[in-house]
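Participant: After the structure tokens below, expect a handful of questions from me.
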Amino acid sequence: MSLILHHYPQSPVAHKTRMALGIAGATWQSVEIPRIPPKPLLMPLTAGYRRTPVLQIGADIYCDSQNIVRALEEYGCPNSLFPDGVTGRSMMMASWAENTLFDLAVRVVITNALDSAPADFIADRGALYFEKDWSPETLRADMPGVLLRLQAGLAWAEFQLVASDGVFLNGDTPSYADASIGYIAWFLRGRWQGGPGFLGPFEQVCKLESALADIGEGNSSDLSGEDALAIAKAANPVSPTGVSVPFTAGIKEGHMVAIQPHGTNADPQVTGSLRYLDATRVSIDHDTPETGPVAVHFPIAGYDIRPL
Ligand SMILES: N[C@@H](CCC(=O)N[C@@H](CS)C(=O)NCC(=O)O)C(=O)O
């Protein structure tokens, strides 16, 4: 079964995943999805999860970049994303980068696009990323502090890169940790006029960004959303079933569960019968006329999981 990434070019989180595909030396198929809902060819696969990116392997659907990277490692690409056993450190760094750096970078990019980006895009992203009562005025007033916090975060990344023996966080060998920092620089540089100047003093971060650009995004070919649905329909999920974790929160295979990204009401709640649970992944079974049976996989970190 081939790797199919559902994404769009401008998505920074998808870019992190594309860089991971490059580090992994993967061959993959690319389905371009809309930047804002409706996403009619994606929803049947994800049971309603709307974020970007999503990885499909036959009838197994992996939501969230955190979960996608685990799926890539399990799939077995030419290169490991966690060379020398740096899985824990890389995932902790990626989590920090997403929750701290990405949150700040989104504020910077959107605040600077308030007058130029389409109103429906700003409204959609405002609901996903900002406080319930956000307004253009508060975003603008918060900007100096946001930029100071972003600078502090980039300074930590810079310290860590200076301490490394090579251009990558882990020396001369790239790992997922590098993509998890590199995409922030790519996003700020490409989508904010002030980005190149702001990033300039972080020389090692900039070197990392260009080293990742040199590695590229693996070998991809285009696929239509309709063909991706047909591939799911022709396949069956092959991922494991059962509960395989010491603390289960009382959840058993076959229980109905609701899953939603933590801390937002703007994301739809996904519901389904529990297929699989371990320490870092929760999976549900899902079935639609377009896809037949699919397994939809989510990470646990960063998600609310409620037994129904
Ligand atoms: N925790 C998620 C975050 C994904 C995310 O927020 N992606 C953005 C695009 S960069 C998004 O979904 N935007 C709304 C959309 O594409 O509909 C992940 O790591 O995949």
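Please note that chains go A, B, ... in the order of the structure tokens, that every chain numbers its residues from 1, and that ligands are numbered from 1 in the order shown.
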Which residues of chain A have any atom within 7 Å of an atom in ligand 1 when counting only C-alpha atoms and all ligand atoms, and what is the closest pair of atoms for each, with the distance in Å to one decimal? Order the rows by chain and rising number and write it as a Markdown table.
Facilitator:
```
| residue | atom | partner | partner_atom_place_in_ligand_line | distance |
| --- | --- | --- | --- | --- |
| A:Ser11 | CA | ligand 1 | 10 (S) | 4.0 |
| A:Pro12 | CA | ligand 1 | 10 (S) | 4.5 |
| A:Val13 | CA | ligand 1 | 10 (S) | 4.2 |
| A:Ala14 | CA | ligand 1 | 10 (S) | 6.0 |
| A:Arg35 | CA | ligand 1 | 16 (O) | 5.0 |
| A:Ile36 | CA | ligand 1 | 17 (O) | 4.8 |
| A:Pro37 | CA | ligand 1 | 17 (O) | 6.2 |
| A:Arg50 | CA | ligand 1 | 17 (O) | 5.3 |
| A:Arg51 | CA | ligand 1 | 12 (O) | 3.2 |
| A:Thr52 | CA | ligand 1 | 12 (O) | 4.0 |
| A:Pro53 | CA | ligand 1 | 20 (O) | 5.6 |
| A:Cys63 | CA | ligand 1 | 20 (O) | 6.7 |
| A:Asp64 | CA | ligand 1 | 20 (O) | 3.3 |
| A:Ser65 | CA | ligand 1 | 20 (O) | 3.9 |
| A:Gln66 | CA | ligand 1 | 19 (O) | 5.5 |
| A:Arg125 | CA | ligand 1 | 14 (C) | 6.7 |
```
Participant: Could you pull out the strand (DSSP E) residues of region 52-193 of chain A, going by DSSP on the backbone, and write them as number ranges by chain?
Facilitator: A: 54-57, 60-63
Participant: Only all heavy atoms, please: the residues just picked out, written as a compact mmCIF listing (two decimals), in the first residue's frame.
Facilitator:
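Generated output (selection_10.txt):
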```
# COMPACT_ATOMS: atom_id res chain seq x y z
N VAL A 54 -3.34 14.84 6.66
CA VAL A 54 -3.86 13.50 6.98
C VAL A 54 -3.08 12.51 6.09
O VAL A 54 -2.86 12.80 4.91
CB VAL A 54 -5.37 13.42 6.69
CG1 VAL A 54 -5.87 11.99 6.74
CG2 VAL A 54 -6.16 14.30 7.66
N LEU A 55 -2.68 11.40 6.68
CA LEU A 55 -1.98 10.36 5.90
C LEU A 55 -2.89 9.16 5.73
O LEU A 55 -3.49 8.69 6.70
CB LEU A 55 -0.69 9.93 6.62
CG LEU A 55 0.12 8.85 5.89
CD1 LEU A 55 0.90 9.45 4.72
CD2 LEU A 55 1.10 8.16 6.86
N GLN A 56 -2.97 8.68 4.52
CA GLN A 56 -3.77 7.47 4.23
C GLN A 56 -2.84 6.36 3.78
O GLN A 56 -1.96 6.56 2.92
CB GLN A 56 -4.76 7.81 3.10
CG GLN A 56 -5.55 6.62 2.61
CD GLN A 56 -6.46 6.97 1.43
OE1 GLN A 56 -6.57 8.14 1.04
NE2 GLN A 56 -7.09 5.97 0.86
N ILE A 57 -3.00 5.19 4.37
CA ILE A 57 -2.31 3.99 3.87
C ILE A 57 -3.42 2.97 3.65
O ILE A 57 -3.90 2.34 4.60
CB ILE A 57 -1.25 3.46 4.86
CG1 ILE A 57 -0.27 4.57 5.27
CG2 ILE A 57 -0.49 2.29 4.24
CD1 ILE A 57 0.77 4.15 6.31
N ASP A 60 -6.35 2.66 6.22
CA ASP A 60 -5.93 3.20 7.52
C ASP A 60 -5.62 4.68 7.35
O ASP A 60 -4.80 5.06 6.50
CB ASP A 60 -4.71 2.43 8.04
CG ASP A 60 -5.12 1.11 8.67
OD1 ASP A 60 -5.65 1.16 9.80
OD2 ASP A 60 -4.97 0.07 8.01
N ILE A 61 -6.26 5.49 8.18
CA ILE A 61 -6.20 6.94 8.03
C ILE A 61 -5.58 7.54 9.29
O ILE A 61 -6.13 7.36 10.40
CB ILE A 61 -7.63 7.53 7.85
CG1 ILE A 61 -8.44 6.73 6.81
CG2 ILE A 61 -7.56 9.01 7.51
CD1 ILE A 61 -7.86 6.67 5.42
N TYR A 62 -4.48 8.24 9.14
CA TYR A 62 -3.74 8.76 10.29
C TYR A 62 -3.91 10.28 10.35
O TYR A 62 -3.45 11.00 9.46
CB TYR A 62 -2.26 8.37 10.18
CG TYR A 62 -2.08 6.87 10.21
CD1 TYR A 62 -2.10 6.12 9.03
CD2 TYR A 62 -1.97 6.20 11.42
CE1 TYR A 62 -1.98 4.74 9.07
CE2 TYR A 62 -1.85 4.82 11.47
CZ TYR A 62 -1.86 4.09 10.29
OH TYR A 62 -1.76 2.72 10.33
N CYS A 63 -4.58 10.75 11.40
CA CYS A 63 -4.82 12.18 11.58
C CYS A 63 -3.74 12.75 12.49
O CYS A 63 -3.34 12.10 13.46
CB CYS A 63 -6.18 12.40 12.22
SG CYS A 63 -7.53 11.78 11.19
```
Participant: Any chance you could list, as a ChimeraX atom specification, the residues in region 105-169 of chain A that come up helix (DSSP H, G or I) when DSSP is run on the backbone?
Facilitator: /A:105-112,119-129,136-163
Participant: Identify, on the basis of only C-alpha atoms, every residue whose closest approach to Lys132 (chain A) does not exceed 12 Å; exclude the query and any residue fewer than 3 positions from it along the same chain; express the result as JSON, numbers by chain.
Facilitator: {"A": [123, 125, 126, 127, 128, 129, 135, 138, 263, 264, 265, 266]}
Participant: Within 8 Å of region 147-155 of chain A, which residues of region 11-118 of chain A come that close, and what is the closest atom pair and distance in Å for each? Count only C-alpha atoms and give it as a Markdown table.
Facilitator:
```
| residue | atom | partner | partner_atom | distance |
| --- | --- | --- | --- | --- |
| A:Thr100 | CA | A:Gly153 | CA | 7.5 |
| A:Leu101 | CA | A:Leu150 | CA | 6.2 |
| A:Leu104 | CA | A:Leu150 | CA | 6.0 |
| A:Ala105 | CA | A:Leu150 | CA | 7.1 |
| A:Val108 | CA | A:Leu147 | CA | 7.4 |
```
Participant: Restricting the output to N, CA and C atoms, write the selected residues as a short mmCIF file (atom, residue, chain, number, x, y, z; two decimals), in the first residue's frame.
Facilitator:
```
data_model
loop_
_atom_site.label_atom_id
_atom_site.label_comp_id
_atom_site.auth_asym_id
_atom_site.auth_seq_id
_atom_site.Cartn_x
_atom_site.Cartn_y
_atom_site.Cartn_z
N THR A 100 4.15 25.84 21.44
CA THR A 100 4.70 27.16 21.76
C THR A 100 5.03 27.94 20.49
N LEU A 101 5.98 27.43 19.70
CA LEU A 101 6.43 28.21 18.54
C LEU A 101 5.34 28.36 17.48
N LEU A 104 2.59 30.81 18.40
CA LEU A 104 3.03 32.21 18.30
C LEU A 104 3.19 32.61 16.83
N ALA A 105 3.77 31.71 16.02
CA ALA A 105 3.99 32.02 14.61
C ALA A 105 2.65 32.25 13.89
N VAL A 108 1.46 35.69 14.60
CA VAL A 108 2.21 36.71 13.85
C VAL A 108 1.71 36.74 12.40
#
```
Participant: Excluding same-chain residues fewer than 3 positions from Gly302 (chain A), what lies within 9 Å of it counting only C-alpha atoms, as a PyMOL selection string?
Facilitator: chain A and resi 95+260-263+299
Participant: Those selected residues, please, written with N, CA, C and O atoms and delivered as a CSV table (one decimal), in the first residue's frame.
Facilitator:
```csv
chain,number,residue,atom,x,y,z
A,95,SER,N,6.5,18.5,20.2
A,95,SER,CA,5.3,18.9,21.0
A,95,SER,C,5.5,20.4,21.5
A,95,SER,O,4.6,21.2,21.4
A,260,GLN,N,-11.6,14.8,20.1
A,260,GLN,CA,-11.6,16.2,19.6
A,260,GLN,C,-10.2,16.8,20.0
A,260,GLN,O,-9.7,16.6,21.1
A,261,PRO,N,-9.6,17.6,19.1
A,261,PRO,CA,-8.4,18.3,19.5
A,261,PRO,C,-8.7,19.1,20.8
A,261,PRO,O,-9.7,19.7,20.9
A,262,HIS,N,-7.7,19.0,21.8
A,262,HIS,CA,-7.9,19.7,23.1
A,262,HIS,C,-7.9,21.2,22.9
A,262,HIS,O,-7.1,21.8,22.1
A,263,GLY,N,-8.8,21.8,23.7
A,263,GLY,CA,-8.8,23.3,23.8
A,263,GLY,C,-9.4,24.1,22.6
A,263,GLY,O,-9.1,25.2,22.5
A,299,PRO,N,-3.6,10.8,17.6
A,299,PRO,CA,-2.7,10.7,18.7
A,299,PRO,C,-3.5,11.0,20.0
A,299,PRO,O,-4.6,11.5,20.0
```
Participant: Have a look at A:Leu229, A:Ile23, A:Ala249, A:Ala113 and name the one nearest to Val294 (chain A); count only C-alpha atoms.
Facilitator: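 Closest candidate: A:Leu229.
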Participant: What's around Met1 (chain A) at 10 Å? Count only C-alpha atoms, leave out sequence neighbours fewer than 2 positions away in its own chain, and write the answer as a count of residues only.
Facilitator: 9
Participant: May I have the residues within 12 Å of Gly171 (chain A) as an mmCIF file with C-alpha atoms, in the first residue's frame, using only C-alpha atoms and disregarding those fewer than 3 positions away in the same chain?
Facilitator:
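Dumped everything to around.cif:
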```cif
data_model
loop_
_atom_site.group_PDB
_atom_site.id
_atom_site.type_symbol
_atom_site.label_atom_id
_atom_site.label_comp_id
_atom_site.auth_asym_id
_atom_site.auth_seq_id
_atom_site.Cartn_x
_atom_site.Cartn_y
_atom_site.Cartn_z
ATOM 1 C CA PRO A 83 18.042 7.640 14.082
ATOM 2 C CA ASP A 84 20.040 6.618 17.164
ATOM 3 C CA VAL A 86 15.980 9.792 19.562
ATOM 4 C CA GLN A 160 20.363 23.599 21.058
ATOM 5 C CA LEU A 161 21.602 23.741 17.481
ATOM 6 C CA VAL A 162 24.819 25.509 18.545
ATOM 7 C CA ALA A 163 25.392 22.708 21.077
ATOM 8 C CA SER A 164 25.023 20.059 18.355
ATOM 9 C CA ASP A 165 28.010 18.687 16.446
ATOM 10 C CA GLY A 166 26.492 19.346 13.048
ATOM 11 C CA VAL A 167 23.827 21.296 11.213
ATOM 12 C CA PHE A 168 21.049 19.089 12.623
ATOM 13 C CA PRO A 174 18.586 14.596 10.248
ATOM 14 C CA SER A 175 15.666 13.445 12.387
ATOM 15 C CA ALA A 177 13.138 16.931 15.518
ATOM 16 C CA ASP A 178 14.718 18.989 12.734
ATOM 17 C CA LEU A 208 18.860 24.027 9.481
#
```
Participant: Provide the CA of Pro38 (chain A) to CA of Ile300 (chain A) distance in Å, to one decimal place.
Facilitator: 25.6 Å
Participant: Go through A:Gly85, A:Gly48, A:Gly195, A:Gly25 and flag the residue nearest Ala258 (chain A), using only C-alpha atoms for the distances.
Facilitator: A:Gly48
Participant: Counting only C-alpha atoms, which residue out of A:Ala232, A:Ile184, A:Met93, A:Leu21 sits closest to Glu73 (chain A)?
Facilitator: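 Answer, going by the shortest atom-to-atom distance: A:Leu21.
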Participant: Calculated over only C-alpha atoms, which of the candidates A:Glu217, A:Val257, A:Leu274, A:Ala211 has the smallest distance to Thr173 (chain A)?
Facilitator: A:Ala211
Participant: Quick check, in Å to one decimal: how far apart do CA of Trp156 (chain A) and CA of Gln10 (chain A) lie?
Facilitator: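 Interatomic distance, CA of Trp156 (chain A) to CA of Gln10 (chain A): 26.0 Å.
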Participant: Using Å and a single decimal, report how far CA of Trp96 (chain A) sits from CA of Gly22 (chain A).
Facilitator: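 It comes out at 22.0 Å.
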Participant: Using only C-alpha atoms, which residues sit within 9 Å of Val69 (chain A) once same-chain residues fewer than 5 positions away are excluded, as a list in words?
Facilitator: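 In the requested form, the answer reads Thr17, Ala20, Leu21, Asp64, Glu74, Leu81 and Tyr176 of chain A.
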